[in-house]
Each structure stands twice: as structure tokens, then as C-alpha cells.
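A short write-up of the structure that comes next.
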Amino acid sequence: MKIKEMNEIVNMLDKEWDLGKKSSQSKGKICAWIYLFQILEESEKVIIEKDNNKVIGMCGYAKWKSKRKLLSKKFYTLLKNILIISPLVKNKKALDDYNKNYDYIPEELKNYFDGEISILIVDKEYRGKKIGNKLLLKIFECAKRDNMKNIQILTDESCNYKFYEVCGCRKIYETQIENKEQNKCGNSDSEIGYIYEKRLMTQIKHLKYYFIGRKLLCKKY
């Protein structure tokens, strides 16, 4: 990926999400750069959409049993870690806590999926033009050709999560996400997190889920 493309993606990420910027007291767009390097580190494949040579959208997927070259993974890991330990991130623990808040996959599902959607973002000025739909369907096809049977999507109520239902995904889990850093200050800041499933191959065994509070009960059928 070219530096110009990375800059345009970082601008989108910085405008769209906090990414731990406030709690970690980070300067500039450093958290957006850390997040981008994390995406490139984890993703098996990423695709971008352009308009007049400007990046207006990005989508990618991670594969748990990846055969991706280790060298490229280490390169992005190195870049990410250099930024995390830099003086631009004042409260490194707060940044780590922020990321942990969004790791809410229950044990019952950790071995069920072949991978996950690592990123889906569209420039605000281009929304409503089905660009997100186009990107997501393309990445589903890429994952299917990569012999993945199903894929998970982590999202929350701050996003347009029902969009995934329009794209043929099924909500299978929800839980309360609490911002630990803000709660330490006496503020109650929480939101609902969701896990969606996209089945890429119909012959896999399906799961039926029942919710009791935060507890997930499931059985095959």
C-alpha cells in the first residue's frame, strides 16, 4: 500500500473513531496510524475503493489459520510498536485498556469462525452510495476463494450495525461494553457490542444461540 493511500485512510479513521485518543492523551493522528498498522498486521487481504484517485473506502479480513508471509506481518508489527512506545502516546496503559474493551468474543465462539472482518470504513461524504455494500461483498468473495467457511464481524451500536443484516449477515451475540478508563473517573460510559456471522459455505454446521444476560448458550442443528 502506498504512503498516499495510507494517509487518506488514516484521515478517515481519525475522523470516524476515537481509537483511544482521548484516554491515552495521544497527539495528532497517532492512534489512527497505530490502528492502521494493526489492521495491516492482522489482515490476510485488504481492498480499497477510490474516486478520482482518492481512497474513499477500505475493507479487509483476517484469517485465523493464515499462510501469509511472516515478514510482512513482522514489518507492520514493528511499525505499530514503535508508535505505541513513542512520546506521542502519553498514557500507554489507557490505550491498551481501550483496545481490550472491544475484545468481547466469548469462549464458545473463539474456535467457531475461520476469521473476521478486520476493517470496513467508508468516507462520510460517500455514504449512501452502496460503497460499503460493494466492498463487503467483494471481501466475502475473496474470503470464500480463500476456503473460509464463515466469518465474524464485530461491531457496536455506535455504528450502522443493521447494515450487516442487509448484506446477509446474522446477529448471534450481544454484550455490554464498558469503557474502563472513563469509569475510573466516575463516569458511566458503555455501549452494546454485537457479533455477526456471515456463512460463506452452506455445508457448515450452523449454531443456534440463546441469550441469558451476558451468557451465551448454543447448540448445533
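To be explicit about the labels: the chains of the C-alpha cells are called A, B, and onward in the order shown, and within each one the residues are counted from 1, while ligands get numbers from 1 in the order they are shown.
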
Contact residues around Leu120 of chain A with only C-alpha atoms at 7 Å, ignoring same-chain residues under 3 positions, as a PyMOL selection string: chain A and resi 58-60

Output file for the selection above: N, CA and C atoms, as a short mmCIF file (atom, residue, chain, number, x, y, z; two decimals), in the first residue's frame:
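In the end it all went to result26.cif:
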```
data_model
loop_
_atom_site.label_atom_id
_atom_site.label_comp_id
_atom_site.auth_asym_id
_atom_site.auth_seq_id
_atom_site.Cartn_x
_atom_site.Cartn_y
_atom_site.Cartn_z
N MET A 58 -12.40 1.24 2.53
CA MET A 58 -11.46 0.15 2.74
C MET A 58 -12.15 -0.99 3.46
N CYS A 59 -11.81 -2.21 3.07
CA CYS A 59 -12.36 -3.39 3.73
C CYS A 59 -11.30 -4.48 3.72
N GLY A 60 -11.28 -5.31 4.77
CA GLY A 60 -10.31 -6.39 4.83
C GLY A 60 -10.78 -7.51 5.72
#
```

Residue set, chain A restricted to alpha helix (DSSP H), as a VMD selection string: chain A and resid 3 to 16 30 to 42 70 to 84 92 to 101 131 to 145 163 to 166 180 to 184

Nearest to Leu78 of chain A among A:Val46, A:Ala62, A:Ile34, A:Cys169, with distances taken over only C-alpha atoms: which residue is it? A:Ile34

DSSP says strand (DSSP E) for which residues of chain A? Put them as a PyMOL selection string? chain A and resi 45-51+54-63+115-122+150-156+170-178+190-199+207-212+215-220

Expected file: the selected residues, C-alpha atoms, as a PDB file, in the first residue's frame:
```
ATOM      1  CA  LYS A  45      -6.258  -9.255   2.448  1.00  0.00           C
ATOM      2  CA  VAL A  46      -7.432  -5.636   2.201  1.00  0.00           C
ATOM      3  CA  ILE A  47      -9.150  -3.875  -0.683  1.00  0.00           C
ATOM      4  CA  ILE A  48      -9.710  -0.171  -1.231  1.00  0.00           C
ATOM      5  CA  GLU A  49     -12.203   1.865  -3.242  1.00  0.00           C
ATOM      6  CA  LYS A  50     -11.131   5.088  -4.957  1.00  0.00           C
ATOM      7  CA  ASP A  51     -12.779   8.109  -6.538  1.00  0.00           C
ATOM      8  CA  LYS A  54      -8.576   9.293  -3.682  1.00  0.00           C
ATOM      9  CA  VAL A  55      -9.239   6.443  -1.227  1.00  0.00           C
ATOM     10  CA  ILE A  56     -12.886   6.629  -0.141  1.00  0.00           C
ATOM     11  CA  GLY A  57     -13.306   3.179   1.408  1.00  0.00           C
ATOM     12  CA  MET A  58     -11.459   0.150   2.739  1.00  0.00           C
ATOM     13  CA  CYS A  59     -12.357  -3.392   3.731  1.00  0.00           C
ATOM     14  CA  GLY A  60     -10.306  -6.386   4.829  1.00  0.00           C
ATOM     15  CA  TYR A  61     -10.427  -9.764   6.513  1.00  0.00           C
ATOM     16  CA  ALA A  62      -8.205 -11.704   8.896  1.00  0.00           C
ATOM     17  CA  LYS A  63      -7.823 -15.473   8.685  1.00  0.00           C
ATOM     18  CA  GLY A 115     -11.645 -15.414  10.626  1.00  0.00           C
ATOM     19  CA  GLU A 116     -13.156 -11.952  10.881  1.00  0.00           C
ATOM     20  CA  ILE A 117     -13.732  -8.705   9.021  1.00  0.00           C
ATOM     21  CA  SER A 118     -10.753  -6.653  10.201  1.00  0.00           C
ATOM     22  CA  ILE A 119     -11.934  -3.296   8.840  1.00  0.00           C
ATOM     23  CA  LEU A 120     -14.792  -1.690   6.946  1.00  0.00           C
ATOM     24  CA  ILE A 121     -14.839   2.066   6.583  1.00  0.00           C
ATOM     25  CA  VAL A 122     -16.273   4.478   4.017  1.00  0.00           C
ATOM     26  CA  ASN A 150     -17.633 -18.496   7.830  1.00  0.00           C
ATOM     27  CA  ILE A 151     -16.512 -15.136   9.124  1.00  0.00           C
ATOM     28  CA  GLN A 152     -17.324 -12.965  12.129  1.00  0.00           C
ATOM     29  CA  ILE A 153     -17.977  -9.235  12.260  1.00  0.00           C
ATOM     30  CA  LEU A 154     -17.506  -7.306  15.499  1.00  0.00           C
ATOM     31  CA  THR A 155     -19.452  -4.066  15.692  1.00  0.00           C
ATOM     32  CA  ASP A 156     -21.357  -1.932  18.195  1.00  0.00           C
ATOM     33  CA  ARG A 170     -26.859 -12.783  11.120  1.00  0.00           C
ATOM     34  CA  LYS A 171     -26.524 -11.318  14.614  1.00  0.00           C
ATOM     35  CA  ILE A 172     -25.563 -14.100  17.010  1.00  0.00           C
ATOM     36  CA  TYR A 173     -24.256 -12.354  20.120  1.00  0.00           C
ATOM     37  CA  GLU A 174     -24.535  -9.112  22.038  1.00  0.00           C
ATOM     38  CA  THR A 175     -22.977  -7.805  25.226  1.00  0.00           C
ATOM     39  CA  GLN A 176     -22.370  -4.625  27.214  1.00  0.00           C
ATOM     40  CA  ILE A 177     -19.022  -2.913  26.554  1.00  0.00           C
ATOM     41  CA  GLU A 178     -17.772  -0.712  29.369  1.00  0.00           C
ATOM     42  CA  SER A 190     -20.985   1.885  27.962  1.00  0.00           C
ATOM     43  CA  GLU A 191     -22.442   0.629  24.715  1.00  0.00           C
ATOM     44  CA  ILE A 192     -23.775  -2.590  23.234  1.00  0.00           C
ATOM     45  CA  GLY A 193     -21.356  -4.735  21.238  1.00  0.00           C
ATOM     46  CA  TYR A 194     -22.525  -7.224  18.613  1.00  0.00           C
ATOM     47  CA  ILE A 195     -21.087 -10.213  16.786  1.00  0.00           C
ATOM     48  CA  TYR A 196     -22.480 -11.021  13.347  1.00  0.00           C
ATOM     49  CA  GLU A 197     -21.882 -14.163  11.327  1.00  0.00           C
ATOM     50  CA  LYS A 198     -21.564 -14.469   7.561  1.00  0.00           C
ATOM     51  CA  ARG A 199     -21.725 -18.029   6.271  1.00  0.00           C
ATOM     52  CA  LEU A 207     -25.378 -22.842  15.553  1.00  0.00           C
ATOM     53  CA  LYS A 208     -28.483 -21.688  17.323  1.00  0.00           C
ATOM     54  CA  TYR A 209     -27.964 -19.198  20.122  1.00  0.00           C
ATOM     55  CA  TYR A 210     -29.889 -18.289  23.241  1.00  0.00           C
ATOM     56  CA  PHE A 211     -29.065 -15.287  25.379  1.00  0.00           C
ATOM     57  CA  ILE A 212     -29.338 -15.033  29.157  1.00  0.00           C
ATOM     58  CA  LYS A 215     -24.154 -15.658  28.931  1.00  0.00           C
ATOM     59  CA  LEU A 216     -24.255 -17.368  25.565  1.00  0.00           C
ATOM     60  CA  LEU A 217     -25.845 -20.785  25.190  1.00  0.00           C
ATOM     61  CA  CYS A 218     -25.653 -22.568  21.853  1.00  0.00           C
ATOM     62  CA  LYS A 219     -26.347 -25.864  20.191  1.00  0.00           C
ATOM     63  CA  LYS A 220     -25.813 -27.310  16.719  1.00  0.00           C
TER      64      LYS A 220
END
```

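Considering only C-alpha atoms, the residue among A:Phe75, A:Asp103, A:Ser86, A:Leu200 positioned nearest to Arg145 of chain A is A:Leu200.
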
Could you give me, as an mmCIF file with N, CA and C atoms, in the first residue's frame, the residues within 12 Å of Gly28 of chain A, counting only C-alpha atoms and dropping anything in the same chain fewer than 5 positions from it?
```
data_model
loop_
_atom_site.group_PDB
_atom_site.id
_atom_site.type_symbol
_atom_site.label_atom_id
_atom_site.label_comp_id
_atom_site.auth_asym_id
_atom_site.auth_seq_id
_atom_site.Cartn_x
_atom_site.Cartn_y
_atom_site.Cartn_z
ATOM 1 N N VAL A 10 -5.861 6.950 7.064
ATOM 2 C CA VAL A 10 -5.674 7.479 8.417
ATOM 3 C C VAL A 10 -6.593 8.673 8.660
ATOM 4 N N ASN A 11 -6.747 9.531 7.675
ATOM 5 C CA ASN A 11 -7.652 10.675 7.806
ATOM 6 C C ASN A 11 -9.087 10.214 8.041
ATOM 7 N N ASP A 14 -9.314 8.687 11.637
ATOM 8 C CA ASP A 14 -9.234 9.716 12.671
ATOM 9 C C ASP A 14 -10.543 10.499 12.794
ATOM 10 N N LYS A 15 -11.217 10.722 11.676
ATOM 11 C CA LYS A 15 -12.496 11.443 11.683
ATOM 12 C C LYS A 15 -13.634 10.573 12.217
ATOM 13 N N ASP A 18 -12.605 7.407 17.803
ATOM 14 C CA ASP A 18 -11.654 7.926 18.783
ATOM 15 C C ASP A 18 -10.396 7.067 18.838
ATOM 16 N N LYS A 21 -7.758 7.769 21.546
ATOM 17 C CA LYS A 21 -7.016 9.034 21.504
ATOM 18 C C LYS A 21 -7.183 9.855 22.781
ATOM 19 N N LYS A 22 -8.428 9.995 23.243
ATOM 20 C CA LYS A 22 -8.689 10.831 24.416
ATOM 21 C C LYS A 22 -8.117 10.220 25.689
ATOM 22 N N TRP A 33 -2.903 5.914 13.063
ATOM 23 C CA TRP A 33 -1.774 5.210 12.434
ATOM 24 C C TRP A 33 -1.528 3.861 13.112
ATOM 25 N N ILE A 34 -1.589 3.828 14.437
ATOM 26 C CA ILE A 34 -1.415 2.557 15.167
ATOM 27 C C ILE A 34 -2.479 1.560 14.741
ATOM 28 N N LEU A 83 5.350 3.205 17.294
ATOM 29 C CA LEU A 83 4.443 4.320 17.565
ATOM 30 C C LEU A 83 3.878 4.252 18.983
ATOM 31 N N PRO A 87 6.786 9.059 22.428
ATOM 32 C CA PRO A 87 6.261 10.086 23.346
ATOM 33 C C PRO A 87 4.906 10.643 22.910
ATOM 34 N N LEU A 88 4.492 10.339 21.677
ATOM 35 C CA LEU A 88 3.206 10.843 21.171
ATOM 36 C C LEU A 88 2.020 10.187 21.879
ATOM 37 N N VAL A 89 2.260 9.006 22.492
ATOM 38 C CA VAL A 89 1.230 8.331 23.283
ATOM 39 C C VAL A 89 1.604 8.508 24.746
ATOM 40 N N LYS A 90 0.889 9.378 25.445
ATOM 41 C CA LYS A 90 1.248 9.710 26.825
ATOM 42 C C LYS A 90 0.872 8.599 27.797
#
```

Hey, can you check how far atom CA of Lys92 of chain A sits from atom CA of Lys2 of chain A? 28.0 Å

Please report the interatomic distance between atom CA of Lys29 of chain A and atom CA of Met12 of chain A in Å with one decimal. 10.4 Å

Nearest to Ile30 of chain A, chosen from A:Ile84, A:Asp97, A:Lys74, A:Met201, with only C-alpha atoms counted in the distances: A:Ile84

One decimal place gives the atom CA of Glu41 of chain A-atom CA of Thr77 of chain A separation as 6.0 Å
